[in-house]
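> Below is one structure. I have some questions about it.
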There are 2 protein chains.
Amino acid sequence: MRLAIIGLGLIGGSIARAIRSDNPAATIESIVAWSPTGLGPAAAMSEGVIDRAAATLAEAVDRAELIVLATDPLACLELLDMIAATDFAGEPPTITDVASTKGVIVNRADRLRLSFVGGHPMAGLETSGYGHSRSDLFAGKPWVICPGAQARPIDLERVAQLVAACGAEAHRISAREHDRAVAAVSHLPLALAAALVQAVSSADDWPIARALAAGGWSSATRLARGDVAMGAGIAATNAPELARRIRAMLSQLDDWLADLEATPDDPDATAERIAARLRAARETFGPAA
Amino acid sequence: MRLAIIGLGLIGGSIARAIRSDNPAATIESIVAWSPTGLGPAAAMSEGVIDRAAATLAEAVDRAELIVLATDPLACLELLDMIAATDFAGEPPTITDVASTKGVIVNRADRLRLSFVGGHPMAGLETSGYGHSRSDLFAGKPWVICPGAQARPIDLERVAQLVAACGAEAHRISAREHDRAVAAVSHLPLALAAALVQAVSSADDWPIARALAAGGWSSATRLARGDVAMGAGIAATNAPELARRIRAMLSQLDDWLADLEATPDDPDATAERIAARLRAARETFGPAA
């Protein structure tokens with residue numbers, strides 16, 4: 001299988017490395033990559049991670065059997081438009097992506113009548129760029145598969161090979177189920193991390209607070225250190241679901257406020273109410289470590 | 001110096017281990033510990049981490065020069081009452097604590113006219129109990145010092161010795177400054193983690209969402225895995241400051257909602273607004289990694 005990766009940052013680079021480091025069935029015979037800056041492909045070429053750094057998008061997708069769009073969601077939409085305008089000789093290629101939202105992207109591919117299978121590996125880091133890519137990024141992780149309306153059996157097979165070559169586990173669900181779920185476990189946490197940083201760093205005592213920040217602050221704000229364009233594209237292409245989750249969060253925080261302020265002169269009673277909340281959250285994780 | 005540690009869980013145990021593993025000036029000649037269950041002290045005795053497991057609180061504090069209350073904030077208040085009722089022969093001992101809130105505790109100690117220096121090492125884990133204690137828990141970390149109204153020079157000196165023996169760095173600030181700051185960087189993150197878990201796990205698609213949860217979910221919810229009684233005591237003894245921070249967070253999330261929903265048919269415009277938010281948060285951390 002001839003593979004083309006468009007965008008060779010953290011995710012695209014990690015896909016190339018995974019295939020190169022552990023290609024069990026040797027079904028992927030060549031990897032060509034292209035990105036707007038060309039930096040990732042050039043570095044990958046010099047390391048032998050890809051076979052060719054294409055000079056243009058058209059050159060990259062020419063004769064490719066599987067095209068992986070490894071960009072942020074908004075760039076994916078543009079790339080789908082550009083690929084739909086490409087004149088492929090022979091069989092149309094399979095197109096997949098790795099973006100964190102699926103509904104908007106699968107809909108666009110369907111409207112363009114592309115042979116598309118949406119994908120989303122559930123792995124990432126707060127770093128970005130080819131320099132941070134790792135061959136084991138996807139090992140044992142879920143990789144969501146959302147086939148488009150025009151997906152052929154061969155398209156599903158090629159994407160399954162890609163997922164397997166990356167050591168991930170395919171989870172086939174609908175784009176709508178995916179977008180609702182990741183709004184909960186990924187996009188809401190990102191919004192909270194960024195909102196937390198802004199809420200706290202805009203207060204007048206931020207210098208003192210910052211000096212006392214410890215491990216809890218680091219983990220609570222880790223997601224706010226990620227790539228800005230990526231996060232913005234994710235939020236923008238999953239806005240209704242993210243908004244719905246933010247409203248659920250607002251409701252929880254209103255309940256916290258009520259519990260904190262109901263008995264100002266009785267800290268024991270306050271503690272009991274808050275303990276009930278913390279216990280309910282704690283039990284979601286199963287028995288204590 | 002004769003040290004008594006009341007409560008020998010993660011923090012108390014780590015203090016004992018730190019002193020035992022690296023006691024540069026050998027100023028702490030003996031460690032006696034007591035806890036309601038006696039489990040921590042028994043384990044620490046068998047490991048040679050403390051010199052004596054006291055059978056009662058009274059036995060533990062008898063002849064101690066420095067008493068460390070290593071319990072949750074509400075238990076600290078009870079212990080202060082009990083210690084104030086103790087008849088100490090000779091010089092009254094220095095009392096300190098390690099609880100995550102300071103105002104309520106320092107006020108109580110002052111009302112009881114105790115020789116008290118409030119303390120708060122800015123280190124912790126999501127685990128609890130003596131079994132998780134580590135000698136390097138405080139190494140290089142800030143340790144807040146809030147002297148009470150009756151603190152003598154000798155009290156400040158003894159607590160400084162304790163902090164140094166743990167390898168931490170003393171930060172002297174007022175209890176009010178401390179409580180405001182930790183509400184921002186510690187207590188609000190805890191409330192958010194617990195509220196996030198409840199907001200998401202109560203939705204009907206939780207089984208699907210849970211299956212897709214990745215590293216971002218783990219770090220965003222890490223604090224919700226911590227000790228329930230500890231978290232509840234912290235929130236209850238810092239309720240007004242925590243409530244104030246939650247209101248700042250609600251305001252941020254309202255702004256997120258407005259930005260997400262202003263232009264439903266123009267994802268690029270939505271992305272620009274969200275990117276501005278993410279960029280502002282990102283810049284708080286300094287240059288990208």
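Identifiers in the structure tokens: chain A, B, ... in order shown; residue index from 1 per chain; ligand index from 1 in order shown.
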Would you pick out the contacts of Thr37 of chain A at 12 Å or less, using only C-alpha atoms, so that residues sharing its chain but fewer than 2 positions from it are not included, and give the list as a ChimeraX atom specification?

/A:6-9,33-35,39-43,53-57,129-130

> Okay, now the selection with N, CA and C atoms, as a PDB file, in the first residue's frame?


ATOM      1  N   ILE A   6      -0.451  13.890   4.927  1.00  0.00           N
ATOM      2  CA  ILE A   6      -0.509  15.334   4.710  1.00  0.00           C
ATOM      3  C   ILE A   6      -0.469  16.005   6.076  1.00  0.00           C
ATOM      4  N   GLY A   7       0.592  16.740   6.329  1.00  0.00           N
ATOM      5  CA  GLY A   7       0.824  17.274   7.677  1.00  0.00           C
ATOM      6  C   GLY A   7       1.689  16.260   8.404  1.00  0.00           C
ATOM      7  N   LEU A   8       2.862  16.676   8.847  1.00  0.00           N
ATOM      8  CA  LEU A   8       3.735  15.691   9.505  1.00  0.00           C
ATOM      9  C   LEU A   8       4.211  16.277  10.830  1.00  0.00           C
ATOM     10  N   GLY A   9       3.230  16.491  11.714  1.00  0.00           N
ATOM     11  CA  GLY A   9       3.539  16.996  13.046  1.00  0.00           C
ATOM     12  C   GLY A   9       3.578  15.847  14.034  1.00  0.00           C
ATOM     13  N   ALA A  33       5.272  12.200   2.302  1.00  0.00           N
ATOM     14  CA  ALA A  33       4.632  13.181   3.179  1.00  0.00           C
ATOM     15  C   ALA A  33       4.793  14.588   2.620  1.00  0.00           C
ATOM     16  N   TRP A  34       3.831  15.414   2.940  1.00  0.00           N
ATOM     17  CA  TRP A  34       3.895  16.825   2.570  1.00  0.00           C
ATOM     18  C   TRP A  34       3.291  17.645   3.704  1.00  0.00           C
ATOM     19  N   SER A  35       3.873  18.808   3.950  1.00  0.00           N
ATOM     20  CA  SER A  35       3.255  19.766   4.872  1.00  0.00           C
ATOM     21  C   SER A  35       3.529  21.149   4.316  1.00  0.00           C
ATOM     22  N   LEU A  39       8.941  21.323   6.914  1.00  0.00           N
ATOM     23  CA  LEU A  39       9.945  21.053   7.950  1.00  0.00           C
ATOM     24  C   LEU A  39       9.888  19.610   8.442  1.00  0.00           C
ATOM     25  N   GLY A  40       8.646  19.158   8.779  1.00  0.00           N
ATOM     26  CA  GLY A  40       8.487  17.783   9.265  1.00  0.00           C
ATOM     27  C   GLY A  40       8.955  16.774   8.224  1.00  0.00           C
ATOM     28  N   PRO A  41       8.471  16.868   6.958  1.00  0.00           N
ATOM     29  CA  PRO A  41       8.920  15.911   5.939  1.00  0.00           C
ATOM     30  C   PRO A  41      10.439  15.913   5.741  1.00  0.00           C
ATOM     31  N   ALA A  42      11.063  17.100   5.773  1.00  0.00           N
ATOM     32  CA  ALA A  42      12.522  17.149   5.591  1.00  0.00           C
ATOM     33  C   ALA A  42      13.230  16.413   6.721  1.00  0.00           C
ATOM     34  N   ALA A  43      12.782  16.647   7.957  1.00  0.00           N
ATOM     35  CA  ALA A  43      13.396  15.966   9.103  1.00  0.00           C
ATOM     36  C   ALA A  43      13.171  14.459   9.002  1.00  0.00           C
ATOM     37  N   ALA A  53       9.781  13.249   0.554  1.00  0.00           N
ATOM     38  CA  ALA A  53       9.153  14.498   0.951  1.00  0.00           C
ATOM     39  C   ALA A  53       8.652  15.164  -0.316  1.00  0.00           C
ATOM     40  N   ALA A  54       7.321  15.226  -0.483  1.00  0.00           N
ATOM     41  CA  ALA A  54       6.768  15.789  -1.717  1.00  0.00           C
ATOM     42  C   ALA A  54       6.888  17.311  -1.693  1.00  0.00           C
ATOM     43  N   ALA A  55       7.038  17.886  -2.897  1.00  0.00           N
ATOM     44  CA  ALA A  55       7.187  19.341  -2.999  1.00  0.00           C
ATOM     45  C   ALA A  55       5.832  20.038  -2.949  1.00  0.00           C
ATOM     46  N   THR A  56       4.794  19.325  -3.360  1.00  0.00           N
ATOM     47  CA  THR A  56       3.448  19.923  -3.375  1.00  0.00           C
ATOM     48  C   THR A  56       2.448  18.884  -2.876  1.00  0.00           C
ATOM     49  N   LEU A  57       1.271  19.386  -2.531  1.00  0.00           N
ATOM     50  CA  LEU A  57       0.183  18.491  -2.135  1.00  0.00           C
ATOM     51  C   LEU A  57      -0.157  17.540  -3.288  1.00  0.00           C
ATOM     52  N   GLY A 129       4.272  19.072  16.909  1.00  0.00           N
ATOM     53  CA  GLY A 129       5.391  19.124  15.977  1.00  0.00           C
ATOM     54  C   GLY A 129       6.062  17.773  15.800  1.00  0.00           C
ATOM     55  N   TYR A 130       6.662  17.616  14.628  1.00  0.00           N
ATOM     56  CA  TYR A 130       7.324  16.354  14.280  1.00  0.00           C
ATOM     57  C   TYR A 130       8.385  15.966  15.312  1.00  0.00           C
TER      58      TYR A 130
END

> Going by DSSP on the backbone, which residues of segment 106-216 of chain B come out as strand (DSSP E or B)? List them as a VMD selection string.

chain B and resid 116 to 121 142 to 147 169 to 172

> Output N, CA and C atoms for every residue in the selection just made, as a short mmCIF file (atom, residue, chain, number, x, y, z; two decimals), in the first residue's frame.


data_model
loop_
_atom_site.label_atom_id
_atom_site.label_comp_id
_atom_site.auth_asym_id
_atom_site.auth_seq_id
_atom_site.Cartn_x
_atom_site.Cartn_y
_atom_site.Cartn_z
N PHE B 116 1.75 28.74 68.23
CA PHE B 116 1.43 28.08 66.97
C PHE B 116 2.06 28.77 65.77
N VAL B 117 2.59 27.96 64.85
CA VAL B 117 3.08 28.46 63.56
C VAL B 117 2.43 27.58 62.50
N GLY B 118 1.45 28.13 61.78
CA GLY B 118 0.79 27.34 60.73
C GLY B 118 1.76 27.03 59.61
N GLY B 119 1.60 25.86 59.01
CA GLY B 119 2.46 25.46 57.90
C GLY B 119 1.67 24.78 56.81
N HIS B 120 2.19 24.85 55.61
CA HIS B 120 1.56 24.13 54.50
C HIS B 120 2.60 23.80 53.42
N PRO B 121 3.09 22.56 53.45
CA PRO B 121 3.99 22.15 52.36
C PRO B 121 3.21 22.02 51.06
N PRO B 142 7.86 24.65 47.83
CA PRO B 142 7.55 25.70 48.81
C PRO B 142 6.83 25.11 50.03
N TRP B 143 7.09 25.70 51.20
CA TRP B 143 6.42 25.28 52.44
C TRP B 143 5.97 26.59 53.09
N VAL B 144 4.68 26.86 53.03
CA VAL B 144 4.17 28.13 53.54
C VAL B 144 4.19 28.15 55.06
N ILE B 145 4.60 29.28 55.62
CA ILE B 145 4.69 29.48 57.06
C ILE B 145 3.80 30.68 57.42
N CYS B 146 2.83 30.45 58.32
CA CYS B 146 1.93 31.53 58.77
C CYS B 146 1.97 31.56 60.30
N PRO B 147 2.84 32.37 60.90
CA PRO B 147 2.96 32.39 62.36
C PRO B 147 1.67 32.90 63.02
N GLU B 169 11.41 24.76 50.98
CA GLU B 169 11.77 26.17 51.06
C GLU B 169 10.66 26.95 51.74
N ALA B 170 10.97 27.58 52.87
CA ALA B 170 9.95 28.30 53.63
C ALA B 170 9.51 29.58 52.91
N HIS B 171 8.21 29.80 52.82
CA HIS B 171 7.62 31.03 52.28
C HIS B 171 6.73 31.62 53.36
N ARG B 172 7.11 32.74 53.94
CA ARG B 172 6.28 33.32 55.00
C ARG B 172 5.29 34.30 54.40
#

> Excluding same-chain residues fewer than 2 positions from Ala64 of chain A, what lies within 7 Å of it counting only C-alpha atoms, as a count of residues only?

8

> Which residue, B:Glu65, B:Glu47, B:Asp179, B:Asp97, has the smallest gap to chain A when you use only C-alpha atoms?

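Using only C-alpha atoms, the shortest distance to chain A belongs to B:Asp179.
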
> Return the single residue from A:Ala224, A:Leu156, A:Leu10, A:Ala199 that is closest to Ala183 of chain B, with distances computed using only C-alpha atoms.

A:Ala199

> Pick from B:Met122, B:Ile15, B:Leu223, B:Ala194: nearest to Arg210 of chain A, with only C-alpha atoms counted?

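Selected residue with least distance to Arg210 of chain A: B:Met122.
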
> Quick one: residues within 10 Å of Ala195 of chain B, only C-alpha atoms, excluding same-chain residues fewer than 2 positions away - as a list in words?

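That gives Ala248, Met249, Leu250, Ser251, Gln252, Leu253, Asp254, Asp255, Trp256, Arg277, Leu278, Ala280 and Ala281 of chain A; Pro189, Leu190, Ala191, Leu192, Ala193, Val197, Gln198, Ala199, Val200, Ser201, Thr221 and Ala224 of chain B.
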
> Please provide the set of residues having any atom within 12 Å of Glu29 of chain B, restricted to only C-alpha atoms, with same-chain residues fewer than 2 positions apart removed, written as an NGL selection string.

:B and (1-4 or 16 or 19-20 or 23-27 or 31-32 or 50-51 or 64-66 or 162 or 165)

> May I have all residues of segment 7-202 of chain A that DSSP, computed from the backbone, assigns to alpha helix (DSSP H), given as a ChimeraX atom specification?

/A:10-21,39-46,57-61,73-84,103-111,153-165,175-182,188-201

> Go ahead and write the residues just picked, C-alpha atoms, as an mmCIF file, in the first residue's frame.


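Everything below was put into part_29.cif:
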data_model
loop_
_atom_site.group_PDB
_atom_site.id
_atom_site.type_symbol
_atom_site.label_atom_id
_atom_site.label_comp_id
_atom_site.auth_asym_id
_atom_site.auth_seq_id
_atom_site.Cartn_x
_atom_site.Cartn_y
_atom_site.Cartn_z
ATOM 1 C CA LEU A 10 3.083 15.076 16.289
ATOM 2 C CA ILE A 11 0.361 12.746 14.964
ATOM 3 C CA GLY A 12 1.436 12.386 11.334
ATOM 4 C CA GLY A 13 5.048 11.925 12.399
ATOM 5 C CA SER A 14 4.085 9.336 15.011
ATOM 6 C CA ILE A 15 2.104 7.404 12.381
ATOM 7 C CA ALA A 16 5.140 7.310 10.076
ATOM 8 C CA ARG A 17 7.431 6.255 12.921
ATOM 9 C CA ALA A 18 5.021 3.532 14.093
ATOM 10 C CA ILE A 19 4.800 2.076 10.582
ATOM 11 C CA ARG A 20 8.581 2.176 10.156
ATOM 12 C CA SER A 21 9.354 0.706 13.556
ATOM 13 C CA LEU A 39 9.945 21.053 7.950
ATOM 14 C CA GLY A 40 8.487 17.783 9.265
ATOM 15 C CA PRO A 41 8.920 15.911 5.939
ATOM 16 C CA ALA A 42 12.522 17.149 5.591
ATOM 17 C CA ALA A 43 13.396 15.966 9.103
ATOM 18 C CA ALA A 44 11.618 12.641 8.518
ATOM 19 C CA MET A 45 13.494 12.114 5.240
ATOM 20 C CA SER A 46 16.860 12.689 6.902
ATOM 21 C CA LEU A 57 0.183 18.491 -2.135
ATOM 22 C CA ALA A 58 -0.590 17.288 -5.681
ATOM 23 C CA GLU A 59 2.719 15.431 -5.848
ATOM 24 C CA ALA A 60 2.099 13.843 -2.437
ATOM 25 C CA VAL A 61 -1.325 12.420 -3.277
ATOM 26 C CA PRO A 73 -9.983 19.967 11.791
ATOM 27 C CA LEU A 74 -10.339 23.236 9.860
ATOM 28 C CA ALA A 75 -7.315 22.464 7.666
ATOM 29 C CA CYS A 76 -8.851 19.005 7.065
ATOM 30 C CA LEU A 77 -11.920 20.662 5.581
ATOM 31 C CA GLU A 78 -9.778 22.700 3.182
ATOM 32 C CA LEU A 79 -7.743 19.664 2.214
ATOM 33 C CA LEU A 80 -10.904 17.681 1.442
ATOM 34 C CA ASP A 81 -11.989 20.473 -0.926
ATOM 35 C CA MET A 82 -8.572 20.468 -2.624
ATOM 36 C CA ILE A 83 -8.457 16.674 -2.942
ATOM 37 C CA ALA A 84 -11.982 16.584 -4.380
ATOM 38 C CA GLY A 103 -19.229 15.039 12.187
ATOM 39 C CA VAL A 104 -18.313 18.183 10.261
ATOM 40 C CA ILE A 105 -15.446 16.441 8.455
ATOM 41 C CA VAL A 106 -17.345 13.280 7.489
ATOM 42 C CA ASN A 107 -20.254 15.420 6.256
ATOM 43 C CA ARG A 108 -17.930 17.498 4.084
ATOM 44 C CA ALA A 109 -16.316 14.363 2.601
ATOM 45 C CA ASP A 110 -19.753 12.893 1.899
ATOM 46 C CA ARG A 111 -20.905 16.084 0.173
ATOM 47 C CA PRO A 153 -14.847 -2.202 1.553
ATOM 48 C CA ILE A 154 -11.299 -1.524 0.313
ATOM 49 C CA ASP A 155 -11.326 1.841 2.131
ATOM 50 C CA LEU A 156 -12.248 0.193 5.423
ATOM 51 C CA GLU A 157 -9.607 -2.459 4.872
ATOM 52 C CA ARG A 158 -6.829 0.074 4.204
ATOM 53 C CA VAL A 159 -7.703 2.136 7.259
ATOM 54 C CA ALA A 160 -7.827 -1.046 9.349
ATOM 55 C CA GLN A 161 -4.295 -1.830 8.134
ATOM 56 C CA LEU A 162 -3.145 1.656 9.105
ATOM 57 C CA VAL A 163 -4.621 1.315 12.609
ATOM 58 C CA ALA A 164 -3.069 -2.122 13.031
ATOM 59 C CA ALA A 165 0.333 -0.905 11.827
ATOM 60 C CA ALA A 175 -19.556 10.480 14.026
ATOM 61 C CA ARG A 176 -22.305 11.844 16.242
ATOM 62 C CA GLU A 177 -21.550 9.387 19.069
ATOM 63 C CA HIS A 178 -17.860 10.208 18.721
ATOM 64 C CA ASP A 179 -18.349 13.967 18.827
ATOM 65 C CA ARG A 180 -20.603 13.770 21.883
ATOM 66 C CA ALA A 181 -18.165 11.498 23.703
ATOM 67 C CA VAL A 182 -14.993 13.488 22.984
ATOM 68 C CA LEU A 188 -14.559 20.034 27.885
ATOM 69 C CA PRO A 189 -11.345 19.262 29.817
ATOM 70 C CA LEU A 190 -9.426 21.481 27.354
ATOM 71 C CA ALA A 191 -11.912 24.342 27.792
ATOM 72 C CA LEU A 192 -11.750 23.960 31.590
ATOM 73 C CA ALA A 193 -7.966 24.012 31.642
ATOM 74 C CA ALA A 194 -7.818 27.198 29.563
ATOM 75 C CA ALA A 195 -10.664 28.857 31.504
ATOM 76 C CA LEU A 196 -8.968 27.932 34.792
ATOM 77 C CA VAL A 197 -5.707 29.541 33.728
ATOM 78 C CA GLN A 198 -7.485 32.709 32.636
ATOM 79 C CA ALA A 199 -9.737 32.893 35.716
ATOM 80 C CA VAL A 200 -6.780 32.610 38.062
ATOM 81 C CA SER A 201 -4.024 34.465 36.208
#

> Pick from B:Gly48, B:Gly124, B:Gly131, B:Pro36: nearest to chain A, with only C-alpha atoms counted?

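That would be B:Gly124, the residue with the smallest distance to chain A.
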
> One decimal, in Å: what's the spacing between atom CA of Arg279 of chain B and atom CA of Thr101 of chain A?

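Between atom CA of Arg279 of chain B and atom CA of Thr101 of chain A the gap works out to 20.5 Å.
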
> Give me the residues near Phe138 of chain A as a VMD selection string, where near means some atom within 7 Å (using only C-alpha atoms) and where sequence neighbours in that chain fewer than 5 positions away do not count.

chain A and resid 121 123 166 to 168

> Take the residues just selected and output them with N, CA and C atoms as a compact mmCIF listing (two decimals), in the first residue's frame.


# COMPACT_ATOMS: atom_id res chain seq x y z
N PRO A 121 -7.35 8.75 16.38
CA PRO A 121 -6.59 8.02 17.40
C PRO A 121 -6.71 8.75 18.74
N ALA A 123 -5.06 9.48 21.31
CA ALA A 123 -3.75 9.62 21.93
C ALA A 123 -3.23 11.00 21.56
N CYS A 166 -0.16 0.87 13.43
CA CYS A 166 0.17 1.80 14.51
C CYS A 166 0.01 1.16 15.89
N GLY A 167 -0.44 -0.10 15.92
CA GLY A 167 -0.59 -0.80 17.20
C GLY A 167 -1.81 -0.38 17.98
N ALA A 168 -2.76 0.32 17.33
CA ALA A 168 -3.96 0.81 18.02
C ALA A 168 -5.12 -0.16 17.84

> Calculated over only C-alpha atoms, which of the candidates A:Ala275, A:Leu112, A:Leu69, A:Ile28 has the smallest distance to chain B?

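Using only C-alpha atoms, chain B sits closest to A:Ala275.
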
> Select, from A:Thr86, A:Ser133, A:Ser30, A:Ser218, the residue with the minimum atom-to-atom distance to chain B, counting only C-alpha atoms.

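Among A:Thr86, A:Ser133, A:Ser30, A:Ser218, it is A:Ser218 that comes nearest to chain B.
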
> Measure the distance from atom CA of Arg282 of chain A to atom CA of Ser128 of chain B in Å and round it to one decimal.

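Atom CA of Ser128 of chain B lies 13.4 Å from atom CA of Arg282 of chain A.
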
> Between atom CA of Leu212 of chain A and atom CA of Thr96 of chain B, what distance in Å does the model show, to one decimal?

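Interatomic distance here is 18.9 Å.
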